[in-house]
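Text of the file my_file-v6.cif, holding mmCIF, C-alpha atoms:
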data_protein
#
loop_
_atom_site.label_atom_id
_atom_site.label_comp_id
_atom_site.auth_asym_id
_atom_site.auth_seq_id
_atom_site.Cartn_x
_atom_site.Cartn_y
_atom_site.Cartn_z
CA MET A 1 13.63 10.92 -13.14
CA VAL A 2 14.98 8.05 -11.07
CA LEU A 3 15.92 4.69 -12.57
CA GLN A 4 16.18 1.54 -10.48
CA GLN A 5 19.77 0.85 -9.45
CA ASN A 6 21.69 -2.37 -10.19
CA SER A 7 19.05 -3.50 -12.67
CA SER A 8 18.32 -4.22 -16.29
CA VAL A 9 15.96 -1.28 -16.84
CA LYS A 10 13.44 -1.14 -19.68
CA LEU A 11 13.29 1.93 -21.89
CA TRP A 12 10.61 2.05 -24.56
CA GLY A 13 8.81 4.28 -27.02
CA TRP A 14 7.70 4.74 -30.60
CA ALA A 15 9.60 5.89 -33.66
CA ASP A 16 9.09 6.55 -37.37
CA GLY A 17 12.27 4.81 -38.41
CA LYS A 18 13.21 1.13 -38.35
CA LYS A 19 16.13 1.44 -35.93
CA VAL A 20 16.58 3.20 -32.62
CA THR A 21 19.81 3.73 -30.69
CA VAL A 22 19.96 4.43 -26.95
CA THR A 23 23.15 5.75 -25.36
CA THR A 24 23.56 5.89 -21.56
CA SER A 25 26.10 8.33 -20.12
CA TRP A 26 26.97 6.35 -16.98
CA ASN A 27 28.70 3.63 -19.00
CA ASN A 28 28.85 5.25 -22.47
CA ARG A 29 27.20 2.19 -23.95
CA THR A 30 24.98 2.28 -27.01
CA TYR A 31 22.04 -0.12 -27.33
CA GLN A 32 20.13 -0.79 -30.52
CA ALA A 33 16.49 -1.68 -31.04
CA SER A 34 14.27 -2.34 -34.02
CA THR A 35 10.73 -1.03 -34.26
CA ASP A 36 7.81 -3.40 -34.75
CA LYS A 37 5.00 -2.95 -37.28
CA ASP A 38 3.43 -0.28 -35.06
CA GLY A 39 6.69 1.63 -34.60
CA ALA A 40 7.13 0.46 -31.01
CA TRP A 41 10.59 -0.31 -29.63
CA LEU A 42 12.06 -1.47 -26.32
CA VAL A 43 15.57 -1.92 -24.97
CA LYS A 44 17.00 -3.03 -21.66
CA VAL A 45 19.91 -1.04 -20.27
CA ASP A 46 22.08 -1.91 -17.29
CA THR A 47 22.12 0.56 -14.41
CA PRO A 48 24.92 1.01 -11.87
CA LYS A 49 24.77 1.36 -8.11
CA GLY A 50 22.71 4.34 -6.99
CA GLY A 51 24.30 7.70 -6.34
CA TYR A 52 23.87 11.44 -6.61
CA THR A 53 25.57 11.98 -9.96
CA PRO A 54 23.04 13.07 -12.61
CA TYR A 55 23.24 11.20 -15.89
CA SER A 56 21.69 11.47 -19.34
CA ILE A 57 20.23 9.15 -21.96
CA THR A 58 20.22 9.97 -25.67
CA ILE A 59 17.63 8.26 -27.86
CA SER A 60 17.77 8.56 -31.63
CA ASP A 61 15.95 7.27 -34.69
CA GLY A 62 17.98 9.69 -36.76
CA THR A 63 16.88 12.69 -34.74
CA PRO A 64 18.37 12.57 -31.23
CA VAL A 65 16.41 13.32 -28.05
CA THR A 66 18.34 13.65 -24.79
CA LEU A 67 16.87 12.98 -21.36
CA SER A 68 18.94 14.75 -18.70
CA ASP A 69 19.19 14.95 -14.91
CA ILE A 70 18.60 11.22 -14.44
CA LEU A 71 19.39 9.78 -11.02
CA ILE A 72 19.98 6.13 -10.19
CA GLY A 73 18.38 4.82 -7.01
CA GLU A 74 15.21 3.17 -5.75
CA VAL A 75 11.79 3.36 -7.45
CA TRP A 76 8.42 2.45 -5.94
CA ILE A 77 4.89 2.43 -7.34
CA CYS A 78 2.40 3.91 -4.85
CA SER A 79 -1.28 3.30 -5.52
CA GLY A 80 -4.71 3.18 -3.92
CA GLN A 81 -7.65 5.39 -3.06
CA SER A 82 -7.98 8.68 -1.14
CA ASN A 83 -5.66 7.88 1.76
CA MET A 84 -2.88 7.32 -0.77
CA GLU A 85 -3.98 10.25 -2.93
CA MET A 86 -4.23 12.70 0.02
CA PRO A 87 -1.56 15.37 -0.63
CA LEU A 88 0.67 16.94 1.97
CA MET A 89 -1.30 20.17 1.69
CA GLY A 90 -4.37 18.16 2.71
CA LYS A 91 -7.88 18.38 1.37
CA ALA A 92 -10.60 20.90 2.22
CA ASN A 93 -10.85 21.19 6.02
CA GLN A 94 -8.64 18.11 6.43
CA PRO A 95 -4.98 18.83 7.25
CA ILE A 96 -2.00 16.51 7.28
CA ALA A 97 0.11 16.50 10.45
CA ASP A 98 3.76 17.63 10.03
CA ALA A 99 3.03 18.66 6.43
CA VAL A 100 4.12 22.30 6.59
CA ASP A 101 7.50 21.32 8.00
CA MET A 102 8.06 18.88 5.15
CA ILE A 103 6.94 21.39 2.53
CA VAL A 104 9.07 24.34 3.64
CA ARG A 105 12.17 22.16 4.06
CA ALA A 106 11.84 20.68 0.56
CA LYS A 107 14.84 21.50 -1.62
CA PRO A 108 15.19 20.66 -5.31
CA SER A 109 18.71 19.38 -4.62
CA ARG A 110 17.28 16.63 -2.41
CA PRO A 111 17.39 13.41 -4.45
CA ILE A 112 13.68 12.60 -4.25
CA ARG A 113 11.73 12.69 -7.52
CA ILE A 114 7.96 12.52 -7.78
CA CYS A 115 5.80 11.36 -10.69
CA THR A 116 2.02 11.55 -10.23
CA ILE A 117 -0.10 9.89 -12.91
CA GLY A 118 -3.08 11.91 -14.11
CA GLN A 119 -6.47 10.52 -13.12
CA ALA A 120 -8.27 8.92 -16.06
CA GLY A 121 -10.22 5.85 -17.08
CA ALA A 122 -10.29 3.76 -20.25
CA ARG A 123 -12.09 0.70 -21.61
CA LYS A 124 -8.90 -0.76 -23.10
CA PRO A 125 -5.31 -0.84 -21.78
CA GLN A 126 -3.54 2.38 -22.76
CA LYS A 127 0.04 3.01 -23.84
CA ASP A 128 0.15 6.63 -22.68
CA CYS A 129 -0.81 8.56 -19.55
CA ARG A 130 -0.45 12.12 -18.28
CA ALA A 131 2.61 12.11 -16.04
CA GLN A 132 5.79 14.06 -15.43
CA TRP A 133 8.82 13.55 -13.21
CA LEU A 134 9.21 16.55 -10.88
CA LYS A 135 11.90 17.73 -8.50
CA ASN A 136 11.63 18.03 -4.74
CA THR A 137 10.44 21.65 -4.56
CA PRO A 138 7.99 23.00 -1.94
CA GLU A 139 5.30 23.44 -4.61
CA VAL A 140 5.69 19.88 -5.86
CA VAL A 141 5.90 18.34 -2.40
CA SER A 142 2.76 20.15 -1.24
CA GLU A 143 0.77 18.41 -3.99
CA ALA A 144 2.43 15.00 -3.60
CA SER A 145 0.84 12.02 -1.88
CA ALA A 146 1.57 12.44 1.82
CA THR A 147 1.82 8.69 2.48
CA ALA A 148 4.14 8.14 -0.48
CA TYR A 149 6.27 11.19 0.29
CA PHE A 150 6.81 10.34 3.96
CA PHE A 151 7.85 6.86 2.77
CA ALA A 152 10.31 8.33 0.26
CA ASP A 153 11.69 10.81 2.79
CA TYR A 154 12.42 8.09 5.36
CA LEU A 155 13.79 5.65 2.81
CA GLN A 156 16.08 8.22 1.24
CA LYS A 157 17.55 9.26 4.59
CA VAL A 158 18.26 5.69 5.65
CA LEU A 159 19.55 4.27 2.35
CA ASP A 160 21.34 7.47 1.30
CA VAL A 161 20.42 6.99 -2.37
CA PRO A 162 17.93 8.77 -4.64
CA VAL A 163 14.31 7.67 -4.35
CA GLY A 164 11.64 7.96 -7.02
CA ILE A 165 7.93 7.51 -6.33
CA ILE A 166 5.35 6.93 -9.07
CA VAL A 167 1.93 7.72 -7.60
CA SER A 168 -1.20 6.32 -9.24
CA SER A 169 -4.21 6.91 -6.98
CA TRP A 170 -7.81 8.10 -6.99
CA GLY A 171 -10.12 8.65 -4.04
CA GLY A 172 -13.27 6.58 -3.60
CA THR A 173 -12.10 3.74 -5.82
CA ALA A 174 -12.59 0.02 -5.26
CA ILE A 175 -9.87 -2.53 -5.94
CA GLN A 176 -11.69 -3.90 -9.01
CA ALA A 177 -11.20 -0.56 -10.78
CA TRP A 178 -7.45 -1.22 -10.62
CA MET A 179 -7.62 -4.77 -12.02
CA SER A 180 -7.38 -5.98 -15.61
CA ARG A 181 -10.29 -7.53 -17.45
CA GLU A 182 -8.50 -10.86 -17.79
CA VAL A 183 -7.90 -11.11 -14.05
CA LEU A 184 -11.35 -9.85 -13.05
CA ALA A 185 -13.33 -12.01 -15.52
CA PRO A 186 -13.50 -15.12 -13.27
CA PHE A 187 -15.17 -13.06 -10.52
CA LYS A 188 -18.87 -13.34 -11.40
CA ALA A 189 -19.76 -10.41 -9.13
CA PHE A 190 -18.75 -8.04 -11.96
CA ASP A 191 -20.50 -7.46 -15.28
CA LEU A 192 -17.76 -6.38 -17.65
CA ARG A 193 -19.81 -6.18 -20.85
CA PHE A 194 -19.73 -2.37 -20.68
CA LEU A 195 -16.06 -2.55 -21.68
CA ASP A 196 -17.17 -3.61 -25.17
CA ASP A 197 -19.61 -0.77 -25.88
CA THR A 198 -19.04 2.91 -26.68
CA THR A 199 -21.52 4.74 -24.47
CA SER A 200 -20.20 7.65 -22.44
CA ILE A 201 -18.94 6.87 -18.93
CA GLU A 202 -19.22 9.94 -16.74
CA ARG A 203 -17.56 8.55 -13.60
CA PRO A 204 -14.96 6.03 -14.77
CA LYS A 205 -13.33 5.66 -11.36
CA TYR A 206 -16.30 3.62 -10.16
CA LYS A 207 -16.11 1.11 -12.99
CA PRO A 208 -14.12 -2.14 -12.94
CA CYS A 209 -10.87 -2.22 -14.96
CA MET A 210 -11.04 1.44 -16.01
CA LEU A 211 -8.21 2.69 -13.82
CA TYR A 212 -6.01 -0.29 -14.51
CA ASN A 213 -6.33 0.46 -18.22
CA ALA A 214 -5.54 4.17 -17.91
CA MET A 215 -3.34 4.50 -14.82
CA ILE A 216 -1.48 1.18 -14.40
CA ALA A 217 -1.05 -0.37 -17.86
CA PRO A 218 0.92 2.59 -19.31
CA VAL A 219 3.72 2.25 -16.74
CA GLU A 220 4.02 -1.53 -16.52
CA GLN A 221 7.34 -1.45 -18.37
CA TYR A 222 8.94 0.89 -15.83
CA THR A 223 11.46 -1.07 -13.78
CA ILE A 224 10.76 -0.72 -10.05
CA LYS A 225 11.71 -2.10 -6.64
CA GLY A 226 8.19 -2.78 -5.40
CA PHE A 227 4.60 -1.70 -4.72
CA LEU A 228 2.90 0.31 -1.96
CA TRP A 229 -0.89 0.01 -1.68
CA TYR A 230 -3.35 1.92 0.54
CA GLN A 231 -6.92 1.00 -0.34
CA GLY A 232 -9.91 -0.96 0.97
CA GLU A 233 -12.43 1.52 2.32
CA SER A 234 -14.57 1.28 -0.83
CA ASN A 235 -14.68 -2.53 -0.60
CA ARG A 236 -15.74 -2.77 3.04
CA LYS A 237 -19.29 -3.89 2.16
CA ASP A 238 -17.99 -7.25 0.91
CA PRO A 239 -14.91 -8.31 2.88
CA ASP A 240 -15.08 -11.93 1.69
CA LEU A 241 -14.85 -10.82 -1.93
CA TYR A 242 -12.01 -8.42 -1.10
CA ARG A 243 -10.07 -11.23 0.50
CA ARG A 244 -10.16 -13.04 -2.85
CA LEU A 245 -9.59 -9.96 -4.98
CA GLN A 246 -6.45 -8.59 -3.35
CA PRO A 247 -4.26 -11.70 -3.92
CA ALA A 248 -5.44 -11.78 -7.55
CA PHE A 249 -4.60 -8.08 -7.87
CA VAL A 250 -1.07 -8.62 -6.55
CA LYS A 251 -0.50 -11.60 -8.83
CA MET A 252 -1.64 -9.44 -11.76
CA LEU A 253 0.80 -6.66 -10.89
CA ARG A 254 3.74 -9.02 -10.57
CA GLU A 255 2.99 -10.76 -13.86
CA ALA A 256 2.51 -7.43 -15.64
CA TRP A 257 5.87 -6.07 -14.46
CA GLY A 258 7.66 -9.32 -15.16
CA GLN A 259 10.25 -8.78 -12.43
CA GLY A 260 9.45 -11.83 -10.35
CA GLU A 261 7.81 -11.73 -6.93
CA LEU A 262 8.13 -7.99 -6.33
CA PRO A 263 7.44 -6.89 -2.73
CA PHE A 264 3.91 -5.69 -1.97
CA TYR A 265 3.47 -3.59 1.15
CA TYR A 266 -0.04 -2.47 1.98
CA VAL A 267 -1.85 -0.42 4.60
CA GLN A 268 -4.75 -1.82 6.60
CA ILE A 269 -7.63 0.66 6.56
CA ALA A 270 -7.82 2.90 9.60
CA PRO A 271 -10.59 2.88 12.21
CA PHE A 272 -13.45 5.27 11.35
CA ALA A 273 -17.05 5.49 12.57
CA TYR A 274 -18.69 4.96 9.14
CA GLU A 275 -22.42 4.32 9.86
CA GLY A 276 -21.64 3.88 13.54
CA ALA A 277 -18.51 3.42 15.65
CA GLU A 278 -19.92 0.33 17.37
CA LEU A 279 -20.69 -1.54 14.14
CA VAL A 280 -18.19 -4.07 12.79
CA GLY A 281 -18.30 -3.76 9.00
CA SER A 282 -14.86 -2.23 8.55
CA ALA A 283 -13.41 -4.57 11.17
CA LEU A 284 -14.38 -7.43 8.87
CA LEU A 285 -12.55 -5.73 6.00
CA ARG A 286 -9.47 -5.27 8.21
CA GLU A 287 -9.79 -8.97 9.07
CA ALA A 288 -9.71 -9.84 5.36
CA GLN A 289 -6.59 -7.72 4.94
CA LEU A 290 -4.98 -9.41 7.93
CA LEU A 291 -5.74 -12.87 6.54
CA ASN A 292 -4.21 -11.82 3.20
CA LEU A 293 -0.86 -11.51 4.99
CA LYS A 294 -0.51 -15.29 4.89
CA GLU A 295 -2.05 -15.59 1.43
CA ILE A 296 0.10 -13.12 -0.51
CA PRO A 297 3.78 -14.12 -0.70
CA ASN A 298 6.45 -11.46 -0.17
CA SER A 299 3.94 -9.05 1.34
CA ASN A 300 3.57 -7.19 4.61
CA MET A 301 1.01 -4.88 6.17
CA VAL A 302 1.03 -1.59 8.05
CA VAL A 303 -1.50 -1.44 10.89
CA THR A 304 -3.13 1.92 11.69
CA MET A 305 -5.28 1.01 14.71
CA ASP A 306 -3.61 3.71 16.84
CA ILE A 307 -3.76 6.59 14.34
CA GLY A 308 -7.32 6.49 13.03
CA ASP A 309 -9.84 9.32 13.40
CA ARG A 310 -13.36 8.56 14.61
CA ASN A 311 -14.88 11.41 12.59
CA CYS A 312 -12.59 11.68 9.56
CA ILE A 313 -11.95 8.90 7.05
CA HIS A 314 -8.63 10.58 6.17
CA PRO A 315 -6.48 10.41 9.32
CA ALA A 316 -4.02 13.29 9.59
CA ARG A 317 -1.04 11.25 10.81
CA LYS A 318 0.24 10.12 7.43
CA ARG A 319 3.85 10.37 8.57
CA LYS A 320 3.38 7.26 10.72
CA VAL A 321 1.86 5.41 7.77
CA GLY A 322 4.66 6.34 5.38
CA GLU A 323 7.40 5.58 7.88
CA ARG A 324 5.87 2.24 8.83
CA LEU A 325 5.78 1.35 5.14
CA ALA A 326 9.43 2.34 4.95
CA LEU A 327 10.26 0.08 7.90
CA LEU A 328 8.64 -2.85 6.09
CA ALA A 329 10.71 -2.12 2.99
CA LEU A 330 13.94 -1.56 4.90
CA SER A 331 13.56 -4.90 6.64
CA GLY A 332 11.93 -7.00 3.93
CA SER A 333 13.50 -5.58 0.77
CA TYR A 334 16.79 -4.07 1.93
CA GLY A 335 17.80 -6.49 4.67
CA LEU A 336 18.22 -4.07 7.59
CA LYS A 337 18.48 -5.88 10.94
CA GLY A 338 18.05 -4.97 14.59
CA PHE A 339 14.29 -4.38 14.54
CA VAL A 340 11.08 -6.19 13.61
CA PRO A 341 8.49 -4.10 11.72
CA ASP A 342 5.83 -6.85 11.62
CA THR A 343 2.55 -6.51 13.47
CA PRO A 344 2.09 -9.19 16.17
CA VAL A 345 -0.57 -11.67 15.01
CA TYR A 346 -2.81 -13.68 17.33
CA GLN A 347 -1.93 -17.41 17.31
CA SER A 348 -3.85 -19.32 19.97
CA MET A 349 -5.99 -19.10 23.10
CA GLU A 350 -6.31 -21.21 26.22
CA VAL A 351 -8.69 -20.83 29.14
CA ALA A 352 -7.77 -21.39 32.78
CA ASN A 353 -9.41 -20.30 36.05
CA GLY A 354 -12.03 -18.21 34.27
CA LYS A 355 -9.50 -16.24 32.23
CA ALA A 356 -8.49 -16.38 28.57
CA TYR A 357 -4.80 -16.29 27.67
CA LEU A 358 -3.88 -15.29 24.14
CA ALA A 359 -0.51 -16.04 22.53
CA PHE A 360 0.93 -14.13 19.59
CA ASP A 361 3.54 -14.91 16.96
CA CYS A 362 5.97 -12.37 18.47
CA GLY A 363 6.94 -14.70 21.32
CA SER A 364 6.94 -14.21 25.08
CA GLU A 365 8.75 -10.87 24.95
CA GLY A 366 7.04 -9.33 21.94
CA LEU A 367 3.91 -7.59 23.24
CA ALA A 368 3.84 -4.15 24.88
CA PRO A 369 3.24 -2.18 27.02
CA LEU A 370 3.69 -4.35 30.07
CA GLY A 371 1.69 -3.14 33.08
CA ALA A 372 -0.87 -1.17 31.07
CA THR A 373 -4.56 -1.95 30.81
CA ILE A 374 -5.37 -2.73 27.19
CA SER A 375 -8.62 -1.15 26.01
CA GLY A 376 -11.01 -2.33 23.32
CA VAL A 377 -11.02 -5.96 24.47
CA GLU A 378 -14.27 -7.95 24.71
CA VAL A 379 -14.99 -11.50 25.76
CA ALA A 380 -17.94 -13.85 25.24
CA GLY A 381 -19.09 -17.18 26.54
CA SER A 382 -21.03 -19.89 24.76
CA ASP A 383 -24.03 -17.54 24.41
CA HIS A 384 -22.05 -15.40 21.89
CA VAL A 385 -22.74 -12.23 23.89
CA PHE A 386 -19.69 -9.98 24.23
CA TYR A 387 -18.87 -7.89 27.27
CA PRO A 388 -16.06 -5.39 27.89
CA ALA A 389 -13.11 -7.18 29.44
CA THR A 390 -10.06 -6.34 31.49
CA ALA A 391 -6.88 -7.15 29.60
CA GLN A 392 -3.19 -6.84 30.29
CA ILE A 393 0.04 -8.52 29.33
CA GLU A 394 0.92 -11.39 31.63
CA LYS A 395 4.39 -10.99 33.07
CA TYR A 396 7.01 -13.59 32.10
CA THR A 397 4.77 -15.40 29.56
CA GLY A 398 3.98 -12.31 27.45
CA ARG A 399 0.46 -13.57 26.79
CA LEU A 400 -2.58 -11.28 26.76
CA GLU A 401 -4.60 -12.07 29.88
CA VAL A 402 -8.33 -11.39 29.49
CA SER A 403 -11.05 -11.60 32.14
CA CYS A 404 -14.62 -10.44 32.81
CA GLU A 405 -16.87 -11.14 35.82
CA LYS A 406 -19.88 -11.54 33.51
CA VAL A 407 -18.12 -14.27 31.52
CA PRO A 408 -16.87 -16.96 33.93
CA ALA A 409 -16.16 -19.39 31.06
CA PRO A 410 -14.60 -17.47 28.15
CA VAL A 411 -15.07 -18.91 24.67
CA ALA A 412 -14.11 -16.01 22.39
CA VAL A 413 -12.12 -12.77 22.60
CA ARG A 414 -12.20 -9.75 20.32
CA TYR A 415 -9.84 -6.78 20.21
CA CYS A 416 -10.89 -3.44 18.70
CA PHE A 417 -13.33 -5.34 16.50
CA ARG A 418 -15.46 -2.30 15.71
CA ASN A 419 -15.62 0.32 12.99
CA TYR A 420 -13.82 2.68 15.32
CA GLU A 421 -11.70 1.82 18.34
CA GLN A 422 -8.29 3.19 19.17
CA GLY A 423 -5.66 0.51 19.49
CA THR A 424 -3.50 0.36 22.60
CA LEU A 425 -1.65 -2.94 22.08
CA TYR A 426 1.77 -2.90 20.41
CA SER A 427 4.89 -4.89 19.74
CA ARG A 428 8.06 -4.08 21.65
CA TYR A 429 9.11 -2.04 18.59
CA GLY A 430 6.02 0.16 18.73
CA ILE A 431 4.14 -1.59 15.93
CA PRO A 432 0.38 -1.75 16.68
CA VAL A 433 -1.60 -4.99 16.78
CA ALA A 434 -4.42 -5.23 14.23
CA SER A 435 -8.01 -5.68 15.33
CA PHE A 436 -8.81 -9.37 15.54
CA ARG A 437 -11.18 -12.00 16.90
CA THR A 438 -10.60 -15.55 18.05
CA ASP A 439 -14.03 -16.72 16.87
CA THR A 440 -15.49 -17.34 13.40
CA TRP A 441 -19.08 -16.66 14.39
CA GLU A 442 -21.41 -15.09 11.87
CA VAL A 443 -21.46 -11.34 12.37
CA LYS A 444 -24.58 -9.26 11.81
CA GLU A 445 -24.56 -5.47 11.66
#

As structure tokens, please, write out the structure in this file.
Amino acid sequence: MVLQQNSSVKLWGWADGKKVTVTTSWNNRTYQASTDKDGAWLVKVDTPKGGYTPYSITISDGTPVTLSDILIGEVWICSGQSNMEMPLMGKANQPIADAVDMIVRAKPSRPIRICTIGQAGARKPQKDCRAQWLKNTPEVVSEASATAYFFADYLQKVLDVPVGIIVSSWGGTAIQAWMSREVLAPFKAFDLRFLDDTTSIERPKYKPCMLYNAMIAPVEQYTIKGFLWYQGESNRKDPDLYRRLQPAFVKMLREAWGQGELPFYYVQIAPFAYEGAELVGSALLREAQLLNLKEIPNSNMVVTMDIGDRNCIHPARKRKVGERLALLALSGSYGLKGFVPDTPVYQSMEVANGKAYLAFDCGSEGLAPLGATISGVEVAGSDHVFYPATAQIEKYTGRLEVSCEKVPAPVAVRYCFRNYEQGTLYSRYGIPVASFRTDTWEVKE
């Protein structure tokens, strides 16, 4: 396994005896713990700076058990629905780009360790789950989350320390399935009384709280660096509710881990046609995720407007997703300088001479590419009717200049505000701009 470097790491378990000793080989220290009435024990052990030397931990309540081949480095929890679950070997008829290269190059000596939590649901928070730390072999990598693995691969190369990823994901799941009963109770949209009965639940992944109880609660003691989250497709029918749920979800995670304001890096859902490419339902969900950027402290968001797939809800280019997540972590959590991984966010609009000029938070030199025609831009007047517009970056000011002969007096501008539209607007560092709108008009499908 991998333990978080330079930390006070929790180790826990159950024992028949009253006392437990824990000895760590990197400092030859012995820690003692007493069991509670249920036999549970917990100790905190200090970890050194990360490196490639394998260590061991011996735990004894009279009968010693030794955990070997332990690396010290960086540990991340990676969770969500199918776009996080999607393995490098892909799903039926749905490949992952660059996957074969990653699989065949995987060597067990590479200091990346993978732990995938078994899919399960429960009515009450569980202490155990099905999970195992595995080495970086081709067989293991092929079955690992592509998004999480590309993140770990990039992070490990840059930081030059071991990286451990704990993957807890399940396709088709809504965010409420990953939330605790206590946190979800104030949201009256959910009837949680089923958690108190004993009837059989055939499809637990679709029920609130069930995945939190079985796939999050058992690992809350594991000391980590932060969270990665790729989810939202299953909540697109109610973006307003999702906007309120995600901050509550993050607050729940941070309180459960008890490590302060741990970083939370999430992926905005990718463009996909859903019931129709021209409809705007998923654009409203992406809007909720974009607004959460300001509402969730110590968070950041990967935008996927340029790598979606009109006809497949599981875009193949997971390498971009994982590496963009790594860029957020490298900048926000590890302090690397010289680049800005943030997506440019629309700030304000002014109208002059029949054109709309949009400013972004990346400043006058932030948008790109200069000289290109930006597609997916629409403009409307006071009649609320949108027409395709011509858009380009204005030289010297860096604003987005938008015009349309059919709209001589622009009132509102939208960019890629559809279920599917391929983004063409970036930051100077190649980070795509999220779909957005300048208006707050009621939207009807």

With all atoms listed in the file as the counted atoms, please give the residues lying no more than 10 Å from Ala152 in chain A, apart from itself and same-chain residues fewer than 6 positions off, as a CSV table (one decimal) with C-alpha atoms, keeping the file's coordinate frame.
chain,number,residue,atom,x,y,z
A,74,GLU,CA,15.2,3.2,-5.8
A,75,VAL,CA,11.8,3.4,-7.4
A,76,TRP,CA,8.4,2.4,-5.9
A,111,PRO,CA,17.4,13.4,-4.4
A,112,ILE,CA,13.7,12.6,-4.2
A,113,ARG,CA,11.7,12.7,-7.5
A,114,ILE,CA,8.0,12.5,-7.8
A,146,ALA,CA,1.6,12.4,1.8
A,158,VAL,CA,18.3,5.7,5.6
A,162,PRO,CA,17.9,8.8,-4.6
A,163,VAL,CA,14.3,7.7,-4.4
A,164,GLY,CA,11.6,8.0,-7.0
A,165,ILE,CA,7.9,7.5,-6.3
A,322,GLY,CA,4.7,6.3,5.4
A,323,GLU,CA,7.4,5.6,7.9
A,325,LEU,CA,5.8,1.4,5.1
A,326,ALA,CA,9.4,2.3,5.0

Would you be able to write out as a PyMOL selection string which residues have an atom within 10 Å of (1.3, 5.1, 9.2) in the file's coordinates, counting all atoms listed in the file?
chain A and resi 147+150-151+267-268+270+302-308+315-326+431

Given only C-alpha atoms as the basis, pick out the residue of A:Gly335, A:Gly80, A:Gly62, A:Pro125 nearest to Glu182 in chain A.
A:Pro125

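The closest residue to Leu279 in chain A, picked from A:Gln392, A:Ser200, A:Thr24, A:Asn419 and counting all atoms listed in the file, is A:Asn419.
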
Contacts of Glu442 in chain A at 12 Å or less, counting only C-alpha atoms, minus same-chain residues fewer than 3 places along, as a PyMOL selection string?
chain A and resi 280+284+384+437+439+445

Neighbourhood query: residues within 9 Å of (9.9, -5.7, 20.0), file coordinates, counting all atoms listed in the file; return as a ChimeraX atom specification.
/A:339-341,362,365-368,426-431

Given the file above and the PyMOL selection byres ((chain A and resi 407-412) around 8), which residues are selected, and can you give them as number ranges by chain?
A: 351, 354-356, 379-382, 384, 387, 403-406, 413-414, 437-439

Please expand the PyMOL selection byres ((chain A and resi 248-258) around 8) into the concrete residues it hits in this file, giving the result as a PDB file with C-alpha atoms, in the coordinates of the input.
ATOM      1  CA  ILE A 175      -9.870  -2.530  -5.940  1.00  0.00           C
ATOM      2  CA  TRP A 178      -7.450  -1.220 -10.620  1.00  0.00           C
ATOM      3  CA  MET A 179      -7.620  -4.770 -12.020  1.00  0.00           C
ATOM      4  CA  SER A 180      -7.380  -5.980 -15.610  1.00  0.00           C
ATOM      5  CA  VAL A 183      -7.900 -11.110 -14.050  1.00  0.00           C
ATOM      6  CA  GLU A 220       4.020  -1.530 -16.520  1.00  0.00           C
ATOM      7  CA  GLN A 221       7.340  -1.450 -18.370  1.00  0.00           C
ATOM      8  CA  TYR A 222       8.940   0.890 -15.830  1.00  0.00           C
ATOM      9  CA  THR A 223      11.460  -1.070 -13.780  1.00  0.00           C
ATOM     10  CA  ARG A 244     -10.160 -13.040  -2.850  1.00  0.00           C
ATOM     11  CA  LEU A 245      -9.590  -9.960  -4.980  1.00  0.00           C
ATOM     12  CA  GLN A 246      -6.450  -8.590  -3.350  1.00  0.00           C
ATOM     13  CA  PRO A 247      -4.260 -11.700  -3.920  1.00  0.00           C
ATOM     14  CA  GLN A 259      10.250  -8.780 -12.430  1.00  0.00           C
ATOM     15  CA  GLY A 260       9.450 -11.830 -10.350  1.00  0.00           C
ATOM     16  CA  GLU A 261       7.810 -11.730  -6.930  1.00  0.00           C
ATOM     17  CA  LEU A 262       8.130  -7.990  -6.330  1.00  0.00           C
ATOM     18  CA  PHE A 264       3.910  -5.690  -1.970  1.00  0.00           C
ATOM     19  CA  ILE A 296       0.100 -13.120  -0.510  1.00  0.00           C
TER      20      ILE A 296
END

Residues selected by the PyMOL selection byres ((chain A and resi 23) around 10), written as a compact mmCIF listing (two decimals) with C-alpha atoms, in the frame of the given file:
# COMPACT_ATOMS: atom_id res chain seq x y z
CA THR A 21 19.81 3.73 -30.69
CA VAL A 22 19.96 4.43 -26.95
CA THR A 24 23.56 5.89 -21.56
CA SER A 25 26.10 8.33 -20.12
CA TRP A 26 26.97 6.35 -16.98
CA ASN A 27 28.70 3.63 -19.00
CA ASN A 28 28.85 5.25 -22.47
CA ARG A 29 27.20 2.19 -23.95
CA THR A 30 24.98 2.28 -27.01
CA TYR A 31 22.04 -0.12 -27.33
CA GLN A 32 20.13 -0.79 -30.52
CA VAL A 45 19.91 -1.04 -20.27
CA SER A 56 21.69 11.47 -19.34
CA ILE A 57 20.23 9.15 -21.96
CA THR A 58 20.22 9.97 -25.67
CA ILE A 59 17.63 8.26 -27.86
CA SER A 60 17.77 8.56 -31.63
CA THR A 66 18.34 13.65 -24.79

Give me the residues within 12 Å of Lys237 in chain A as number ranges by chain, counting all atoms listed in the file and dropping any in the same chain fewer than 4 places off.
A: 174, 232-233, 241-243, 274-275, 280-286, 288, 445

To box range 108-121 of chain A, take all atoms listed in the file, fit an axis-aligned box, add 4 Å on each side, and give centre and edge lengths in Å to one decimal, as JSON.
{"center_x": 4.2, "center_y": 13.3, "center_z": -9.7, "size_x": 36.9, "size_y": 22.8, "size_z": 22.7}

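Going from CA of Phe360 in chain A over to CA of Ala389 in chain A, you cover 18.5 Å.
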
Excluding Tyr212 in chain A and any residue of its chain fewer than 2 positions from it, enumerate the residues within 7 Å of it, using only C-alpha atoms, and give them as a list of chain:residue names.
A:Ala177, A:Trp178, A:Met179, A:Ser180, A:Cys209, A:Met210, A:Ala214, A:Met215, A:Ile216, A:Ala217
